[in-house]
file coords.pdb (PDB, C-alpha atoms, pLDDT in the B column)
ATOM      1  CA  PRO A   1      19.836 -93.463  -3.697  1.00 75.00           C
ATOM      2  CA  GLY A   2      19.840 -96.994  -2.318  1.00 92.00           C
ATOM      3  CA  SER A   3      19.824-100.407  -3.946  1.00 96.00           C
ATOM      4  CA  ILE A   4      18.849-104.072  -3.675  1.00 96.00           C
ATOM      5  CA  ARG A   5      21.062-106.808  -5.103  1.00 96.00           C
ATOM      6  CA  THR A   6      19.985-110.379  -5.882  1.00 96.00           C
ATOM      7  CA  SER A   7      21.763-113.147  -7.783  1.00 96.00           C
ATOM      8  CA  GLN A   8      20.332-111.747 -11.041  1.00 97.00           C
ATOM      9  CA  TYR A   9      19.218-108.162 -10.562  1.00 97.00           C
ATOM     10  CA  ARG A  10      20.404-104.886  -9.153  1.00 97.00           C
ATOM     11  CA  TYR A  11      17.630-102.435  -8.291  1.00 97.00           C
ATOM     12  CA  VAL A  12      18.618 -98.800  -7.734  1.00 97.00           C
ATOM     13  CA  ALA A  13      16.174 -96.578  -5.843  1.00 95.00           C
ATOM     14  CA  LYS A  14      16.216 -92.989  -7.102  1.00 91.00           C
ATOM     15  CA  ASN A  15      13.767 -90.167  -6.489  1.00 84.00           C
ATOM     16  CA  GLU A  16      13.302 -89.322 -10.141  1.00 84.00           C
ATOM     17  CA  LYS A  17      13.073 -92.887 -11.513  1.00 93.00           C
ATOM     18  CA  PRO A  18      14.251 -96.283 -10.204  1.00 95.00           C
ATOM     19  CA  GLU A  19      16.660 -98.311 -12.303  1.00 97.00           C
ATOM     20  CA  LEU A  20      16.969-102.066 -12.855  1.00 97.00           C
ATOM     21  CA  TYR A  21      19.927-104.016 -14.249  1.00 98.00           C
ATOM     22  CA  ASP A  22      20.347-107.666 -15.186  1.00 97.00           C
ATOM     23  CA  MET A  23      23.708-108.503 -13.607  1.00 97.00           C
ATOM     24  CA  ILE A  24      24.022-111.801 -15.532  1.00 97.00           C
ATOM     25  CA  ALA A  25      23.346-110.413 -19.009  1.00 97.00           C
ATOM     26  CA  ASP A  26      24.765-106.949 -18.259  1.00 97.00           C
ATOM     27  CA  PRO A  27      27.368-107.132 -15.445  1.00 95.00           C
ATOM     28  CA  ASN A  28      28.679-103.649 -16.281  1.00 96.00           C
ATOM     29  CA  GLN A  29      25.197-102.177 -15.772  1.00 96.00           C
ATOM     30  CA  GLN A  30      25.045-100.382 -19.089  1.00 97.00           C
ATOM     31  CA  LYS A  31      21.339-100.934 -19.876  1.00 97.00           C
ATOM     32  CA  ASP A  32      18.497 -99.915 -17.578  1.00 97.00           C
ATOM     33  CA  ILE A  33      15.693-102.470 -18.078  1.00 97.00           C
ATOM     34  CA  SER A  34      13.201-100.991 -15.613  1.00 97.00           C
ATOM     35  CA  ASP A  35      10.689 -99.885 -18.279  1.00 96.00           C
ATOM     36  CA  GLY A  36      10.228-103.445 -19.526  1.00 96.00           C
ATOM     37  CA  ASN A  37      10.031-105.051 -16.071  1.00 97.00           C
ATOM     38  CA  VAL A  38       7.491-103.004 -14.152  1.00 96.00           C
ATOM     39  CA  GLU A  39       6.359-105.857 -11.858  1.00 96.00           C
ATOM     40  CA  ILE A  40       9.922-106.645 -10.777  1.00 97.00           C
ATOM     41  CA  VAL A  41      10.603-102.951 -10.162  1.00 96.00           C
ATOM     42  CA  ASN A  42       7.414-102.579  -8.106  1.00 96.00           C
ATOM     43  CA  THR A  43       8.358-105.617  -5.986  1.00 97.00           C
ATOM     44  CA  PHE A  44      11.828-104.262  -5.306  1.00 97.00           C
ATOM     45  CA  ASN A  45      10.414-100.807  -4.643  1.00 95.00           C
ATOM     46  CA  ALA A  46       8.013-102.161  -2.005  1.00 96.00           C
ATOM     47  CA  GLN A  47      10.810-104.159  -0.364  1.00 96.00           C
ATOM     48  CA  TYR A  48      13.134-101.162  -0.313  1.00 96.00           C
ATOM     49  CA  ASN A  49      10.500 -98.800   1.133  1.00 93.00           C
ATOM     50  CA  SER A  50       9.596-101.343   3.828  1.00 95.00           C
ATOM     51  CA  TRP A  51      13.256-101.713   4.809  1.00 94.00           C
ATOM     52  CA  PHE A  52      13.844 -97.945   4.790  1.00 92.00           C
ATOM     53  CA  GLU A  53      10.826 -97.247   7.037  1.00 92.00           C
ATOM     54  CA  ASP A  54      12.000 -99.858   9.545  1.00 93.00           C
ATOM     55  CA  ALA A  55      15.633 -98.722   9.479  1.00 92.00           C
ATOM     56  CA  SER A  56      14.770 -95.032   9.932  1.00 89.00           C
ATOM     57  CA  LYS A  57      11.874 -95.257  12.390  1.00 87.00           C
ATOM     58  CA  ASP A  58      14.046 -94.182  15.345  1.00 83.00           C
ATOM     59  CA  TYR A  59      16.006 -91.562  13.428  1.00 80.00           C
ATOM     60  CA  GLN A  60      16.247 -88.154  15.083  1.00 76.00           C
ATOM     61  CA  PRO A  61      17.292 -85.400  12.668  1.00 78.00           C
ATOM     62  CA  ILE A  62      18.072 -83.194  15.663  1.00 82.00           C
ATOM     63  CA  LYS A  63      19.792 -85.046  18.504  1.00 88.00           C
ATOM     64  CA  PRO A  64      19.717 -83.477  21.984  1.00 95.00           C
ATOM     65  CA  ILE A  65      22.991 -82.282  23.508  1.00 96.00           C
ATOM     66  CA  SER A  66      23.468 -83.621  27.029  1.00 97.00           C
ATOM     67  CA  LEU A  67      24.012 -81.146  29.870  1.00 98.00           C
ATOM     68  CA  ASP A  68      24.593 -83.852  32.492  1.00 97.00           C
ATOM     69  CA  ALA A  69      28.380 -83.418  32.564  1.00 97.00           C
ATOM     70  CA  ASN A  70      30.070 -80.427  34.190  1.00 97.00           C
ATOM     71  CA  PHE A  71      30.950 -78.955  30.765  1.00 98.00           C
ATOM     72  CA  ALA A  72      29.087 -78.655  27.463  1.00 98.00           C
ATOM     73  CA  GLU A  73      29.680 -76.737  24.250  1.00 98.00           C
ATOM     74  CA  LEU A  74      26.858 -75.750  21.908  1.00 98.00           C
ATOM     75  CA  PRO A  75      28.551 -74.913  18.586  1.00 96.00           C
ATOM     76  CA  ALA A  76      27.089 -72.693  15.907  1.00 96.00           C
ATOM     77  CA  PHE A  77      27.129 -75.532  13.385  1.00 94.00           C
ATOM     78  CA  ASP A  78      24.800 -77.603  15.605  1.00 94.00           C
ATOM     79  CA  SER A  79      22.240 -74.827  16.023  1.00 96.00           C
ATOM     80  CA  GLN A  80      18.925 -74.265  14.305  1.00 95.00           C
ATOM     81  CA  PHE A  81      18.795 -70.578  13.434  1.00 96.00           C
ATOM     82  CA  LEU A  82      16.291 -68.021  12.167  1.00 95.00           C
ATOM     83  CA  GLY A  83      16.497 -64.613  10.532  1.00 96.00           C
ATOM     84  CA  GLU A  84      19.364 -63.263   8.463  1.00 94.00           C
ATOM     85  CA  LEU A  85      22.091 -65.339  10.118  1.00 97.00           C
ATOM     86  CA  ARG A  86      24.347 -67.377   7.834  1.00 96.00           C
ATOM     87  CA  PHE A  87      27.474 -69.501   8.059  1.00 96.00           C
ATOM     88  CA  ILE A  88      30.674 -67.749   7.028  1.00 93.00           C
ATOM     89  CA  GLU A  89      31.512 -70.626   4.656  1.00 87.00           C
ATOM     90  CA  GLY A  90      27.985 -71.734   3.894  1.00 82.00           C
ATOM     91  CA  HIS A  91      27.706 -75.428   4.815  1.00 84.00           C
ATOM     92  CA  GLY A  92      27.984 -75.364   8.599  1.00 86.00           C
ATOM     93  CA  TRP A  93      31.005 -77.653   8.715  1.00 83.00           C
ATOM     94  CA  ALA A  94      33.178 -78.222  11.792  1.00 78.00           C
ATOM     95  CA  HIS A  95      35.025 -74.870  11.886  1.00 83.00           C
ATOM     96  CA  ASP A  96      32.126 -72.789  10.559  1.00 92.00           C
ATOM     97  CA  TYR A  97      30.592 -69.949  12.544  1.00 96.00           C
ATOM     98  CA  LEU A  98      27.618 -67.615  12.207  1.00 97.00           C
ATOM     99  CA  VAL A  99      27.790 -64.069  10.846  1.00 97.00           C
ATOM    100  CA  ASN A 100      25.328 -61.362   9.775  1.00 97.00           C
ATOM    101  CA  TRP A 101      23.774 -61.141  13.259  1.00 98.00           C
ATOM    102  CA  THR A 102      21.978 -57.879  12.570  1.00 98.00           C
ATOM    103  CA  SER A 103      18.395 -58.167  13.820  1.00 97.00           C
ATOM    104  CA  THR A 104      16.508 -58.802  17.059  1.00 97.00           C
ATOM    105  CA  LYS A 105      14.595 -61.421  15.046  1.00 97.00           C
ATOM    106  CA  ASP A 106      17.771 -63.472  14.600  1.00 98.00           C
ATOM    107  CA  GLU A 107      18.031 -66.372  17.032  1.00 97.00           C
ATOM    108  CA  MET A 108      19.791 -69.711  17.518  1.00 98.00           C
ATOM    109  CA  THR A 109      18.398 -72.763  19.310  1.00 98.00           C
ATOM    110  CA  TRP A 110      19.709 -76.124  20.459  1.00 98.00           C
ATOM    111  CA  LEU A 111      17.792 -79.138  21.725  1.00 97.00           C
ATOM    112  CA  VAL A 112      19.348 -80.000  25.084  1.00 98.00           C
ATOM    113  CA  ASN A 113      18.703 -82.704  27.636  1.00 97.00           C
ATOM    114  CA  SER A 114      19.426 -82.943  31.336  1.00 97.00           C
ATOM    115  CA  ASN A 115      18.600 -85.684  33.814  1.00 97.00           C
ATOM    116  CA  ILE A 116      19.148 -83.378  36.778  1.00 96.00           C
ATOM    117  CA  GLU A 117      18.237 -79.858  37.803  1.00 96.00           C
ATOM    118  CA  LYS A 118      21.228 -77.598  38.417  1.00 97.00           C
ATOM    119  CA  GLU A 119      22.796 -74.251  37.573  1.00 97.00           C
ATOM    120  CA  MET A 120      25.429 -73.718  34.900  1.00 98.00           C
ATOM    121  CA  THR A 121      27.423 -70.631  33.968  1.00 98.00           C
ATOM    122  CA  VAL A 122      26.925 -69.697  30.312  1.00 98.00           C
ATOM    123  CA  PHE A 123      29.703 -68.144  28.217  1.00 98.00           C
ATOM    124  CA  LEU A 124      29.593 -66.645  24.713  1.00 98.00           C
ATOM    125  CA  ARG A 125      32.445 -67.377  22.266  1.00 98.00           C
ATOM    126  CA  TYR A 126      32.489 -64.410  19.913  1.00 98.00           C
ATOM    127  CA  THR A 127      34.449 -61.813  17.985  1.00 98.00           C
ATOM    128  CA  CYS A 128      33.357 -58.187  17.724  1.00 98.00           C
ATOM    129  CA  PRO A 129      35.128 -55.050  16.469  1.00 98.00           C
ATOM    130  CA  LYS A 130      35.208 -51.945  18.649  1.00 97.00           C
ATOM    131  CA  THR A 131      32.750 -50.196  16.322  1.00 97.00           C
ATOM    132  CA  ASP A 132      30.008 -52.757  17.105  1.00 98.00           C
ATOM    133  CA  LEU A 133      30.301 -53.006  20.899  1.00 98.00           C
ATOM    134  CA  GLY A 134      27.262 -52.588  23.133  1.00 98.00           C
ATOM    135  CA  SER A 135      24.717 -55.202  22.050  1.00 98.00           C
ATOM    136  CA  LYS A 136      22.856 -57.081  24.789  1.00 98.00           C
ATOM    137  CA  VAL A 137      22.552 -60.843  24.259  1.00 98.00           C
ATOM    138  CA  SER A 138      20.455 -63.321  26.220  1.00 98.00           C
ATOM    139  CA  VAL A 139      20.180 -67.071  26.715  1.00 98.00           C
ATOM    140  CA  SER A 140      16.886 -68.636  27.755  1.00 98.00           C
ATOM    141  CA  LEU A 141      15.731 -72.114  28.770  1.00 98.00           C
ATOM    142  CA  THR A 142      12.169 -72.955  29.903  1.00 96.00           C
ATOM    143  CA  GLY A 143      11.486 -69.415  31.047  1.00 94.00           C
ATOM    144  CA  ASN A 144      14.841 -68.897  32.761  1.00 97.00           C
ATOM    145  CA  ILE A 145      16.814 -66.045  31.164  1.00 98.00           C
ATOM    146  CA  VAL A 146      20.311 -64.623  31.589  1.00 98.00           C
ATOM    147  CA  SER A 147      21.658 -61.580  29.744  1.00 98.00           C
ATOM    148  CA  ASN A 148      24.806 -59.524  29.350  1.00 98.00           C
ATOM    149  CA  THR A 149      26.212 -56.739  27.166  1.00 98.00           C
ATOM    150  CA  ILE A 150      29.232 -57.185  24.897  1.00 98.00           C
ATOM    151  CA  ILE A 151      31.719 -54.545  26.079  1.00 98.00           C
ATOM    152  CA  LYS A 152      35.084 -56.113  25.171  1.00 98.00           C
ATOM    153  CA  ALA A 153      36.299 -55.733  21.587  1.00 98.00           C
ATOM    154  CA  PHE A 154      38.051 -58.723  20.043  1.00 98.00           C
ATOM    155  CA  ASP A 155      38.533 -58.820  16.292  1.00 97.00           C
ATOM    156  CA  PRO A 156      41.573 -60.982  15.405  1.00 97.00           C
ATOM    157  CA  PRO A 157      42.712 -61.845  11.873  1.00 94.00           C
ATOM    158  CA  MET A 158      42.159 -65.278  10.394  1.00 90.00           C
ATOM    159  CA  ILE A 159      44.854 -67.785  11.295  1.00 89.00           C
ATOM    160  CA  ILE A 160      47.275 -68.225   8.395  1.00 84.00           C
ATOM    161  CA  SER A 161      47.152 -71.777   7.070  1.00 84.00           C
ATOM    162  CA  PRO A 162      49.918 -73.605   5.164  1.00 85.00           C
ATOM    163  CA  ASP A 163      47.352 -75.076   2.749  1.00 85.00           C
ATOM    164  CA  ARG A 164      48.812 -75.712  -0.696  1.00 85.00           C
ATOM    165  CA  VAL A 165      45.299 -75.411  -2.127  1.00 86.00           C
ATOM    166  CA  VAL A 166      42.830 -72.850  -0.797  1.00 80.00           C
ATOM    167  CA  ARG A 167      40.302 -74.804   1.246  1.00 79.00           C
ATOM    168  CA  GLN A 168      36.562 -74.511   0.789  1.00 78.00           C
ATOM    169  CA  GLU A 169      35.964 -74.814   4.529  1.00 81.00           C
ATOM    170  CA  SER A 170      36.175 -71.817   6.817  1.00 83.00           C
ATOM    171  CA  TYR A 171      39.586 -70.784   8.086  1.00 84.00           C
ATOM    172  CA  GLU A 172      40.008 -70.492  11.834  1.00 90.00           C
ATOM    173  CA  LYS A 173      40.508 -67.560  14.177  1.00 94.00           C
ATOM    174  CA  ASP A 174      40.777 -66.959  17.916  1.00 97.00           C
ATOM    175  CA  TRP A 175      37.656 -66.204  19.950  1.00 98.00           C
ATOM    176  CA  ALA A 176      36.849 -64.144  23.028  1.00 98.00           C
ATOM    177  CA  LEU A 177      34.891 -65.618  25.931  1.00 98.00           C
ATOM    178  CA  MET A 178      32.257 -63.559  27.759  1.00 98.00           C
ATOM    179  CA  GLU A 179      30.204 -64.716  30.735  1.00 98.00           C
ATOM    180  CA  ILE A 180      26.491 -64.195  30.113  1.00 98.00           C
ATOM    181  CA  GLY A 181      25.214 -65.432  33.463  1.00 98.00           C
ATOM    182  CA  LYS A 182      24.197 -68.349  35.656  1.00 98.00           C
ATOM    183  CA  LEU A 183      21.342 -70.293  34.080  1.00 98.00           C
ATOM    184  CA  LYS A 184      18.965 -72.698  35.810  1.00 98.00           C
ATOM    185  CA  ILE A 185      18.944 -76.038  33.951  1.00 98.00           C
ATOM    186  CA  THR A 186      15.659 -77.944  34.118  1.00 95.00           C
ATOM    187  CA  LYS A 187      15.208 -81.689  33.698  1.00 96.00           C
ATOM    188  CA  GLY A 188      14.156 -83.209  30.389  1.00 96.00           C
ATOM    189  CA  GLN A 189      14.502 -82.205  26.748  1.00 96.00           C
ATOM    190  CA  ASN A 190      14.078 -78.497  26.084  1.00 97.00           C
ATOM    191  CA  LEU A 191      15.120 -75.802  23.614  1.00 97.00           C
ATOM    192  CA  LEU A 192      17.902 -73.478  24.700  1.00 98.00           C
ATOM    193  CA  LYS A 193      17.822 -70.164  22.808  1.00 98.00           C
ATOM    194  CA  LEU A 194      20.426 -67.483  22.133  1.00 98.00           C
ATOM    195  CA  SER A 195      19.073 -64.129  20.978  1.00 98.00           C
ATOM    196  CA  VAL A 196      19.786 -60.410  21.169  1.00 98.00           C
ATOM    197  CA  GLN A 197      17.672 -57.905  23.083  1.00 97.00           C
ATOM    198  CA  GLU A 198      19.382 -54.713  21.947  1.00 97.00           C
ATOM    199  CA  ILE A 199      21.671 -54.048  18.953  1.00 98.00           C
ATOM    200  CA  ALA A 200      23.955 -51.081  19.519  1.00 97.00           C
ATOM    201  CA  HIS A 201      25.329 -50.619  16.009  1.00 97.00           C
ATOM    202  CA  SER A 202      25.351 -52.435  12.646  1.00 96.00           C
ATOM    203  CA  LYS A 203      25.706 -55.990  14.005  1.00 97.00           C
ATOM    204  CA  VAL A 204      25.991 -57.971  17.219  1.00 98.00           C
ATOM    205  CA  ALA A 205      29.060 -60.182  16.722  1.00 98.00           C
ATOM    206  CA  ASP A 206      30.387 -63.227  14.910  1.00 98.00           C
ATOM    207  CA  PHE A 207      29.293 -66.288  16.886  1.00 98.00           C
ATOM    208  CA  LYS A 208      31.232 -69.515  17.423  1.00 97.00           C
ATOM    209  CA  SER A 209      29.547 -71.327  20.329  1.00 98.00           C
ATOM    210  CA  LEU A 210      28.040 -71.266  23.794  1.00 98.00           C
ATOM    211  CA  ILE A 211      30.003 -72.815  26.658  1.00 98.00           C
ATOM    212  CA  LEU A 212      28.163 -74.128  29.741  1.00 98.00           C
ATOM    213  CA  LYS A 213      30.020 -75.026  32.951  1.00 98.00           C
ATOM    214  CA  ASP A 214      28.780 -76.315  36.271  1.00 97.00           C
ATOM    215  CA  ILE A 215      28.962 -73.749  39.054  1.00 91.00           C
TER     216      ILE A 215
END

call {"tool": "encode", "arguments": {"input": "coords.pdb", "output": "structure tokens"}}
result
Amino acid sequence: PGSIRTSQYRYVAKNEKPELYDMIADPNQQKDISDGNVEIVNTFNAQYNSWFEDASKDYQPIKPISLDANFAELPAFDSQFLGELRFIEGHGWAHDYLVNWTSTKDEMTWLVNSNIEKEMTVFLRYTCPKTDLGSKVSVSLTGNIVSNTIIKAFDPPMIISPDRVVRQESYEKDWALMEIGKLKITKGQNLLKLSVQEIAHSKVADFKSLILKDI
């Protein structure tokens, strides 16, 4: 919700029903008077909607990640993903990572931007038990594709935390780093996609991020 405040009124914009309070007669805002003041509510509503449209006109829900520097990290929590993938904690907060990578239909994408054409080496940050080794993952960008097979097992325990209260966020763990290949980076804004071509066993891996480094 948002609000408008004048010397007399406070208007509160809510999806279900806007509210209106007389701050002179009711400074503690105990009585909603919107039903008896429809014209005032409509005026405030029009003003609020006009302001909101102007303030949000340049808003980008998905902001591109720049690849202009010699290093970039594309974390799981910044990806748009499809299929049966899910965050280990659920919200996609800062230490969250993706699990349940079990289908060739599962994929992750990031909107990236580069002002120059170049090549970057792509690395996968992952964990995978020995029983699930052998899946072939690929990264693609504007028709350029690099692929590699996960052959190194790395399945560490969660890092013990001294929290006095069990946190809701995901606990941390160490991650392995595997080179996928050298990817051609094209100029402009494009979608970079991580997917799996072949799944050897029950799942691919737990996924933390992609790392891109200049060659």

call {"tool": "residues_around", "arguments": {"input": "coords.pdb", "residues": "A:Phe77", "least_positions_apart": "2", "cutoff": "12 Å", "atoms": "only C-alpha atoms", "output": "PDB file with C-alpha atoms, in the frame of the given file"}}
result
ATOM      1  CA  GLU A  73      29.680 -76.737  24.250  1.00 98.00           C
ATOM      2  CA  LEU A  74      26.858 -75.750  21.908  1.00 98.00           C
ATOM      3  CA  PRO A  75      28.551 -74.913  18.586  1.00 96.00           C
ATOM      4  CA  SER A  79      22.240 -74.827  16.023  1.00 96.00           C
ATOM      5  CA  GLN A  80      18.925 -74.265  14.305  1.00 95.00           C
ATOM      6  CA  PHE A  81      18.795 -70.578  13.434  1.00 96.00           C
ATOM      7  CA  LEU A  85      22.091 -65.339  10.118  1.00 97.00           C
ATOM      8  CA  ARG A  86      24.347 -67.377   7.834  1.00 96.00           C
ATOM      9  CA  PHE A  87      27.474 -69.501   8.059  1.00 96.00           C
ATOM     10  CA  ILE A  88      30.674 -67.749   7.028  1.00 93.00           C
ATOM     11  CA  GLU A  89      31.512 -70.626   4.656  1.00 87.00           C
ATOM     12  CA  GLY A  90      27.985 -71.734   3.894  1.00 82.00           C
ATOM     13  CA  HIS A  91      27.706 -75.428   4.815  1.00 84.00           C
ATOM     14  CA  GLY A  92      27.984 -75.364   8.599  1.00 86.00           C
ATOM     15  CA  TRP A  93      31.005 -77.653   8.715  1.00 83.00           C
ATOM     16  CA  ALA A  94      33.178 -78.222  11.792  1.00 78.00           C
ATOM     17  CA  HIS A  95      35.025 -74.870  11.886  1.00 83.00           C
ATOM     18  CA  ASP A  96      32.126 -72.789  10.559  1.00 92.00           C
ATOM     19  CA  TYR A  97      30.592 -69.949  12.544  1.00 96.00           C
ATOM     20  CA  LEU A  98      27.618 -67.615  12.207  1.00 97.00           C
ATOM     21  CA  VAL A  99      27.790 -64.069  10.846  1.00 97.00           C
ATOM     22  CA  MET A 108      19.791 -69.711  17.518  1.00 98.00           C
ATOM     23  CA  THR A 109      18.398 -72.763  19.310  1.00 98.00           C
ATOM     24  CA  TRP A 110      19.709 -76.124  20.459  1.00 98.00           C
ATOM     25  CA  SER A 170      36.175 -71.817   6.817  1.00 83.00           C
ATOM     26  CA  PHE A 207      29.293 -66.288  16.886  1.00 98.00           C
ATOM     27  CA  LYS A 208      31.232 -69.515  17.423  1.00 97.00           C
ATOM     28  CA  SER A 209      29.547 -71.327  20.329  1.00 98.00           C
ATOM     29  CA  LEU A 210      28.040 -71.266  23.794  1.00 98.00           C
TER      30      LEU A 210
END

call {"tool": "residues_around", "arguments": {"input": "coords.pdb", "residues": "A:Lys152", "least_positions_apart": "4", "cutoff": "10 Å", "atoms": "only C-alpha atoms", "output": "PyMOL selection string"}}
result
chain A and resi 127-130+133-134+176-178

call {"tool": "closest_residue", "arguments": {"input": "coords.pdb", "among": "A:Thr131, A:Ser147, A:Ser56, A:Gln197", "to": "A:Glu107", "atoms": "all atoms listed in the file"}}
result
A:Gln197

call {"tool": "residues_around", "arguments": {"input": "coords.pdb", "residues": "A:Asn148", "least_positions_apart": "2", "cutoff": "6 Å", "atoms": "only C-alpha atoms", "output": "PyMOL selection string"}}
result
chain A and resi 136-137+180

call {"tool": "resolve_selection", "arguments": {"input": "coords.pdb", "expression": "the PyMOL selection byres ((chain A and resi 83) around 6)", "output": "ChimeraX atom specification"}}
result
/A:82,84-85,105-106

call {"tool": "closest_residue", "arguments": {"input": "coords.pdb", "among": "A:Asp54, A:Asp32, A:Glu119, A:Asp214", "to": "A:Leu141", "atoms": "all atoms listed in the file"}}
result
A:Glu119

call {"tool": "closest_residue", "arguments": {"input": "coords.pdb", "among": "A:Ala69, A:Val112, A:Met23, A:Val165", "to": "A:Ser140", "atoms": "only C-alpha atoms"}}
result
A:Val112

call {"tool": "closest_residue", "arguments": {"input": "coords.pdb", "among": "A:Ile199, A:Ile159, A:Leu20, A:Val166", "to": "A:Gln8", "atoms": "all atoms listed in the file"}}
result
A:Leu20

call {"tool": "resolve_selection", "arguments": {"input": "coords.pdb", "expression": "the PyMOL selection byres ((chain A and resi 21) around 7)", "output": "ChimeraX atom specification"}}
result
/A:9-11,19-20,22-23,26,29,31-33

call {"tool": "residues_around", "arguments": {"input": "coords.pdb", "residues": "A:Asn42", "least_positions_apart": "6", "cutoff": "10 Å", "atoms": "only C-alpha atoms", "output": "NGL selection string"}}
result
:A and (18 or 34 or 48)

call {"tool": "write_last_selection", "arguments": {"input": "coords.pdb", "atoms": "C-alpha atoms", "output": "PDB file, keeping the file's coordinate frame"}}
result
ATOM      1  CA  PRO A  18      14.251 -96.283 -10.204  1.00 95.00           C
ATOM      2  CA  SER A  34      13.201-100.991 -15.613  1.00 97.00           C
ATOM      3  CA  TYR A  48      13.134-101.162  -0.313  1.00 96.00           C
TER       4      TYR A  48
END

call {"tool": "closest_residue", "arguments": {"input": "coords.pdb", "among": "A:Ala200, A:Met158, A:Val38, A:Leu191", "to": "A:Asn144", "atoms": "all atoms listed in the file"}}
result
A:Leu191

call {"tool": "residues_around", "arguments": {"input": "coords.pdb", "residues": "stretch 51-53 of chain A", "least_positions_apart": "3", "cutoff": "12 Å", "atoms": "all atoms listed in the file", "output": "list in words"}}
result
Pro1, Gly2, Ser3, Ile4, Ala13, Phe44, Asn45, Ala46, Gln47, Tyr48, Ser56, Lys57, Asp58 and Tyr59 of chain A

call {"tool": "resolve_selection", "arguments": {"input": "coords.pdb", "expression": "the PyMOL selection byres ((chain A and resi 174) around 7)", "output": "tab-separated table (two decimals) with C-alpha atoms, keeping the file's coordinate frame"}}
result
chain	number	residue	atom	x	y	z
A	156	PRO	CA	41.57	-60.98	15.40
A	173	LYS	CA	40.51	-67.56	14.18
A	175	TRP	CA	37.66	-66.20	19.95

call {"tool": "closest_residue", "arguments": {"input": "coords.pdb", "among": "A:Val41, A:Met120, A:Ile24, A:Val146", "to": "A:Leu67", "atoms": "only C-alpha atoms"}}
result
A:Met120

call {"tool": "atom_distance", "arguments": {"input": "coords.pdb", "atom1": "atom CA of A:Ser161", "atom2": "atom CA of A:Arg125"}}
result
21.6 Å
